>>> print(open('target_36.json').read())   # JSON, N, CA and C atoms
[["chain", "number", "residue", "atom", "x", "y", "z"],
["A", 660, "MET", "N", -35.95, 84.68, -85.26],
["A", 660, "MET", "CA", -36.42, 83.55, -84.48],
["A", 660, "MET", "C", -35.47, 83.26, -83.31],
["A", 661, "ILE", "N", -34.18, 83.34, -83.56],
["A", 661, "ILE", "CA", -33.22, 83.09, -82.49],
["A", 661, "ILE", "C", -33.32, 84.17, -81.42],
["A", 662, "GLN", "N", -33.55, 85.41, -81.83],
["A", 662, "GLN", "CA", -33.69, 86.50, -80.87],
["A", 662, "GLN", "C", -34.91, 86.30, -79.98],
["A", 663, "ASP", "N", -36.00, 85.77, -80.55],
["A", 663, "ASP", "CA", -37.20, 85.51, -79.75],
["A", 663, "ASP", "C", -36.94, 84.45, -78.69],
["A", 664, "ASP", "N", -36.18, 83.41, -79.05],
["A", 664, "ASP", "CA", -35.85, 82.36, -78.08],
["A", 664, "ASP", "C", -35.02, 82.91, -76.93],
["A", 665, "ARG", "N", -34.08, 83.78, -77.25],
["A", 665, "ARG", "CA", -33.25, 84.37, -76.20],
["A", 665, "ARG", "C", -34.08, 85.27, -75.30],
["A", 666, "ALA", "N", -34.98, 86.01, -75.87],
["A", 666, "ALA", "CA", -35.84, 86.89, -75.07],
["A", 666, "ALA", "C", -36.72, 86.07, -74.15],
["A", 667, "ASN", "N", -37.24, 84.95, -74.63],
["A", 667, "ASN", "CA", -38.08, 84.09, -73.79],
["A", 667, "ASN", "C", -37.27, 83.44, -72.68],
["A", 668, "GLN", "N", -36.03, 83.09, -72.93],
["A", 668, "GLN", "CA", -35.18, 82.51, -71.89],
["A", 668, "GLN", "C", -34.96, 83.49, -70.76],
["A", 669, "ASN", "N", -34.76, 84.76, -71.08],
["A", 669, "ASN", "CA", -34.51, 85.76, -70.05],
["A", 669, "ASN", "C", -35.76, 86.05, -69.24],
["A", 670, "ARG", "N", -36.93, 85.85, -69.77],
["A", 670, "ARG", "CA", -38.17, 86.13, -69.06],
["A", 670, "ARG", "C", -38.59, 85.02, -68.13],
["A", 671, "VAL", "N", -37.97, 83.87, -68.23],
["A", 671, "VAL", "CA", -38.37, 82.72, -67.42],
["A", 671, "VAL", "C", -38.06, 82.98, -65.94],
["A", 672, "ARG", "N", -36.91, 83.52, -65.63],
["A", 672, "ARG", "CA", -36.50, 83.74, -64.25],
["A", 672, "ARG", "C", -36.94, 85.11, -63.75],
["A", 673, "PRO", "N", -37.29, 85.20, -62.48],
["A", 673, "PRO", "CA", -37.59, 86.53, -61.91],
["A", 673, "PRO", "C", -36.35, 87.41, -61.94],
["A", 674, "GLY", "N", -36.54, 88.70, -61.79],
["A", 674, "GLY", "CA", -35.45, 89.66, -61.92],
["A", 674, "GLY", "C", -34.30, 89.44, -60.95],
["A", 675, "VAL", "N", -34.61, 89.11, -59.72],
["A", 675, "VAL", "CA", -33.54, 88.99, -58.72],
["A", 675, "VAL", "C", -32.68, 87.77, -59.00],
["A", 676, "LEU", "N", -33.28, 86.68, -59.43],
["A", 676, "LEU", "CA", -32.51, 85.45, -59.64],
["A", 676, "LEU", "C", -31.70, 85.47, -60.93],
["A", 677, "ARG", "N", -31.83, 86.53, -61.72],
["A", 677, "ARG", "CA", -30.98, 86.64, -62.91],
["A", 677, "ARG", "C", -29.54, 86.94, -62.51],
["A", 678, "VAL", "N", -29.37, 87.62, -61.40],
["A", 678, "VAL", "CA", -28.03, 87.98, -60.93],
["A", 678, "VAL", "C", -27.42, 86.76, -60.24],
["A", 679, "GLN", "N", -26.25, 86.38, -60.72],
["A", 679, "GLN", "CA", -25.62, 85.16, -60.21],
["A", 679, "GLN", "C", -25.33, 85.24, -58.72],
["A", 680, "LEU", "N", -24.97, 86.40, -58.22],
["A", 680, "LEU", "CA", -24.68, 86.55, -56.79],
["A", 680, "LEU", "C", -25.90, 86.20, -55.95],
["A", 681, "PHE", "N", -27.07, 86.69, -56.35],
["A", 681, "PHE", "CA", -28.27, 86.41, -55.58],
["A", 681, "PHE", "C", -28.67, 84.94, -55.68],
["A", 682, "ARG", "N", -28.43, 84.33, -56.84],
["A", 682, "ARG", "CA", -28.70, 82.89, -56.97],
["A", 682, "ARG", "C", -27.81, 82.10, -56.02],
["A", 683, "LEU", "N", -26.54, 82.44, -55.96],
["A", 683, "LEU", "CA", -25.62, 81.73, -55.06],
["A", 683, "LEU", "C", -25.99, 81.97, -53.60],
["A", 684, "LEU", "N", -26.41, 83.20, -53.28],
["A", 684, "LEU", "CA", -26.83, 83.47, -51.91],
["A", 684, "LEU", "C", -28.08, 82.68, -51.53],
["A", 685, "ALA", "N", -29.00, 82.54, -52.47],
["A", 685, "ALA", "CA", -30.22, 81.76, -52.21],
["A", 685, "ALA", "C", -29.88, 80.29, -52.01],
["A", 686, "ILE", "N", -28.97, 79.77, -52.81],
["A", 686, "ILE", "CA", -28.55, 78.37, -52.65],
["A", 686, "ILE", "C", -27.84, 78.19, -51.31],
["A", 687, "ASN", "N", -26.98, 79.13, -50.95],
["A", 687, "ASN", "CA", -26.26, 79.07, -49.69],
["A", 687, "ASN", "C", -27.23, 79.11, -48.50],
["A", 688, "LEU", "N", -28.24, 79.97, -48.60],
["A", 688, "LEU", "CA", -29.25, 80.06, -47.54],
["A", 688, "LEU", "C", -30.01, 78.74, -47.40],
["A", 689, "ALA", "N", -30.40, 78.15, -48.52],
["A", 689, "ALA", "CA", -31.14, 76.89, -48.47],
["A", 689, "ALA", "C", -30.30, 75.77, -47.86],
["A", 690, "ILE", "N", -29.04, 75.71, -48.23],
["A", 690, "ILE", "CA", -28.15, 74.68, -47.67],
["A", 690, "ILE", "C", -27.95, 74.93, -46.17],
["A", 691, "GLY", "N", -27.79, 76.17, -45.77],
["A", 691, "GLY", "CA", -27.60, 76.49, -44.36],
["A", 691, "GLY", "C", -28.81, 76.14, -43.51],
["A", 692, "VAL", "N", -30.00, 76.43, -44.04],
["A", 692, "VAL", "CA", -31.23, 76.09, -43.30],
["A", 692, "VAL", "C", -31.37, 74.57, -43.18],
["A", 693, "ALA", "N", -31.07, 73.87, -44.26],
["A", 693, "ALA", "CA", -31.18, 72.41, -44.22],
["A", 693, "ALA", "C", -30.18, 71.80, -43.23],
["A", 694, "LEU", "N", -28.96, 72.31, -43.24],
["A", 694, "LEU", "CA", -27.96, 71.78, -42.30],
["A", 694, "LEU", "C", -28.31, 72.11, -40.86],
["A", 695, "ALA", "N", -28.82, 73.31, -40.62],
["A", 695, "ALA", "CA", -29.21, 73.67, -39.25],
["A", 695, "ALA", "C", -30.36, 72.80, -38.77],
["A", 696, "ALA", "N", -31.33, 72.54, -39.63],
["A", 696, "ALA", "CA", -32.45, 71.68, -39.24],
["A", 696, "ALA", "C", -31.97, 70.25, -38.97],
["A", 697, "ALA", "N", -31.05, 69.77, -39.80],
["A", 697, "ALA", "CA", -30.51, 68.42, -39.59],
["A", 697, "ALA", "C", -29.71, 68.35, -38.29],
["A", 698, "LEU", "N", -28.95, 69.39, -37.98],
["A", 698, "LEU", "CA", -28.16, 69.41, -36.75],
["A", 698, "LEU", "C", -29.05, 69.43, -35.52],
["A", 699, "VAL", "N", -30.05, 70.30, -35.52],
["A", 699, "VAL", "CA", -30.96, 70.37, -34.37],
["A", 699, "VAL", "C", -31.74, 69.07, -34.23],
["A", 700, "GLY", "N", -32.21, 68.53, -35.34],
["A", 700, "GLY", "CA", -32.92, 67.25, -35.30],
["A", 700, "GLY", "C", -32.04, 66.12, -34.79],
["A", 701, "GLY", "N", -30.79, 66.12, -35.22],
["A", 701, "GLY", "CA", -29.86, 65.09, -34.75],
["A", 701, "GLY", "C", -29.56, 65.22, -33.27],
["A", 702, "LEU", "N", -29.42, 66.44, -32.80],
["A", 702, "LEU", "CA", -29.17, 66.64, -31.36],
["A", 702, "LEU", "C", -30.38, 66.23, -30.53],
["A", 703, "LEU", "N", -31.56, 66.55, -31.03],
["A", 703, "LEU", "CA", -32.76, 66.14, -30.28],
["A", 703, "LEU", "C", -32.94, 64.63, -30.32],
["A", 704, "ALA", "N", -32.55, 63.99, -31.42],
["A", 704, "ALA", "CA", -32.68, 62.54, -31.51],
["A", 704, "ALA", "C", -31.67, 61.84, -30.59],
["A", 705, "LEU", "N", -30.44, 62.36, -30.56],
["A", 705, "LEU", "CA", -29.42, 61.75, -29.70],
["A", 705, "LEU", "C", -29.64, 62.08, -28.23],
["A", 706, "ASN", "N", -30.23, 63.22, -27.96],
["A", 706, "ASN", "CA", -30.56, 63.66, -26.61],
["A", 706, "ASN", "C", -29.35, 63.69, -25.66],
["A", 707, "PRO", "N", -28.27, 64.39, -26.04],
["A", 707, "PRO", "CA", -27.13, 64.46, -25.14],
["A", 707, "PRO", "C", -27.43, 65.37, -23.95],
["A", 708, "GLY", "N", -27.24, 64.86, -22.77],
["A", 708, "GLY", "CA", -27.44, 65.64, -21.56],
["A", 708, "GLY", "C", -28.89, 66.02, -21.31],
["A", 709, "GLY", "N", -29.82, 65.26, -21.82],
["A", 709, "GLY", "CA", -31.23, 65.54, -21.59],
["A", 709, "GLY", "C", -31.72, 66.78, -22.33],
["A", 710, "LEU", "N", -31.15, 67.05, -23.47],
["A", 710, "LEU", "CA", -31.49, 68.25, -24.23],
["A", 710, "LEU", "C", -32.95, 68.26, -24.67],
["A", 711, "ARG", "N", -33.51, 67.10, -24.95],
["A", 711, "ARG", "CA", -34.89, 67.01, -25.42],
["A", 711, "ARG", "C", -35.87, 67.49, -24.34],
["A", 712, "HIS", "N", -35.54, 67.32, -23.09],
["A", 712, "HIS", "CA", -36.43, 67.69, -22.01],
["A", 712, "HIS", "C", -36.20, 69.11, -21.50],
["A", 713, "LEU", "N", -35.24, 69.81, -22.08],
["A", 713, "LEU", "CA", -34.91, 71.15, -21.63],
["A", 713, "LEU", "C", -36.08, 72.14, -21.78],
["A", 714, "PRO", "N", -36.83, 72.16, -22.89],
["A", 714, "PRO", "CA", -37.96, 73.10, -22.97],
["A", 714, "PRO", "C", -39.02, 72.84, -21.90],
["A", 715, "ASN", "N", -39.23, 71.58, -21.55],
["A", 715, "ASN", "CA", -40.22, 71.27, -20.51],
["A", 715, "ASN", "C", -39.78, 71.81, -19.15],
["A", 716, "ARG", "N", -38.49, 71.68, -18.86],
["A", 716, "ARG", "CA", -37.98, 72.18, -17.58],
["A", 716, "ARG", "C", -38.08, 73.69, -17.51],
["A", 717, "ALA", "N", -37.85, 74.37, -18.64],
["A", 717, "ALA", "CA", -37.92, 75.82, -18.65],
["A", 717, "ALA", "C", -39.35, 76.28, -18.44],
["A", 718, "ALA", "N", -40.32, 75.57, -18.99],
["A", 718, "ALA", "CA", -41.73, 75.94, -18.82],
["A", 718, "ALA", "C", -42.18, 75.69, -17.39],
["A", 719, "GLU", "N", -41.66, 74.65, -16.75],
["A", 719, "GLU", "CA", -42.06, 74.33, -15.38],
["A", 719, "GLU", "C", -41.51, 75.35, -14.38],
["A", 720, "SER", "N", -40.37, 75.99, -14.70],
["A", 720, "SER", "CA", -39.77, 76.92, -13.76],
["A", 720, "SER", "C", -40.48, 78.27, -13.75],
["A", 721, "LEU", "N", -41.34, 78.51, -14.74],
["A", 721, "LEU", "CA", -42.08, 79.78, -14.75],
["A", 721, "LEU", "C", -43.17, 79.69, -13.79]]
>>> encode(input="target_36.json", output="structure tokens")
Amino acid sequence: MIQDDRANQNRVRPGVLRVQLFRLLAINLAIGVALAAALVGGLLALNPGGLRHLPNRAAESL
């Protein structure tokens, strides 16, 4: 019975996420994406140097 429980525990996670290195890399990627989105959102909200209007100016110059 104990062996069955252990076998079921190992089947819960996909193969790649069983390896601790890949789990840590996935967590690191998620944190990096979240921080990058927060940084870009913060810069657009603060609008230093007219950064929010920069894409419009680039489209107008074409």
>>> atom_distance(input="target_36.json", atom1="atom N of Arg716 in chain A", atom2="CA of Leu698 in chain A")
20.8 Å
>>> select_by_dssp(input="target_36.json", residues="range 667-719 of chain A", states="alpha helix (DSSP H)", output="number ranges by chain")
A: 667-671, 679-705, 713-719
>>> atom_distance(input="target_36.json", atom1="atom C of Gly674 in chain A", atom2="atom N of Ile686 in chain A")
13.7 Å
>>> atom_distance(input="target_36.json", atom1="CA of Ala696 in chain A", atom2="atom N of Asn715 in chain A")
18.9 Å
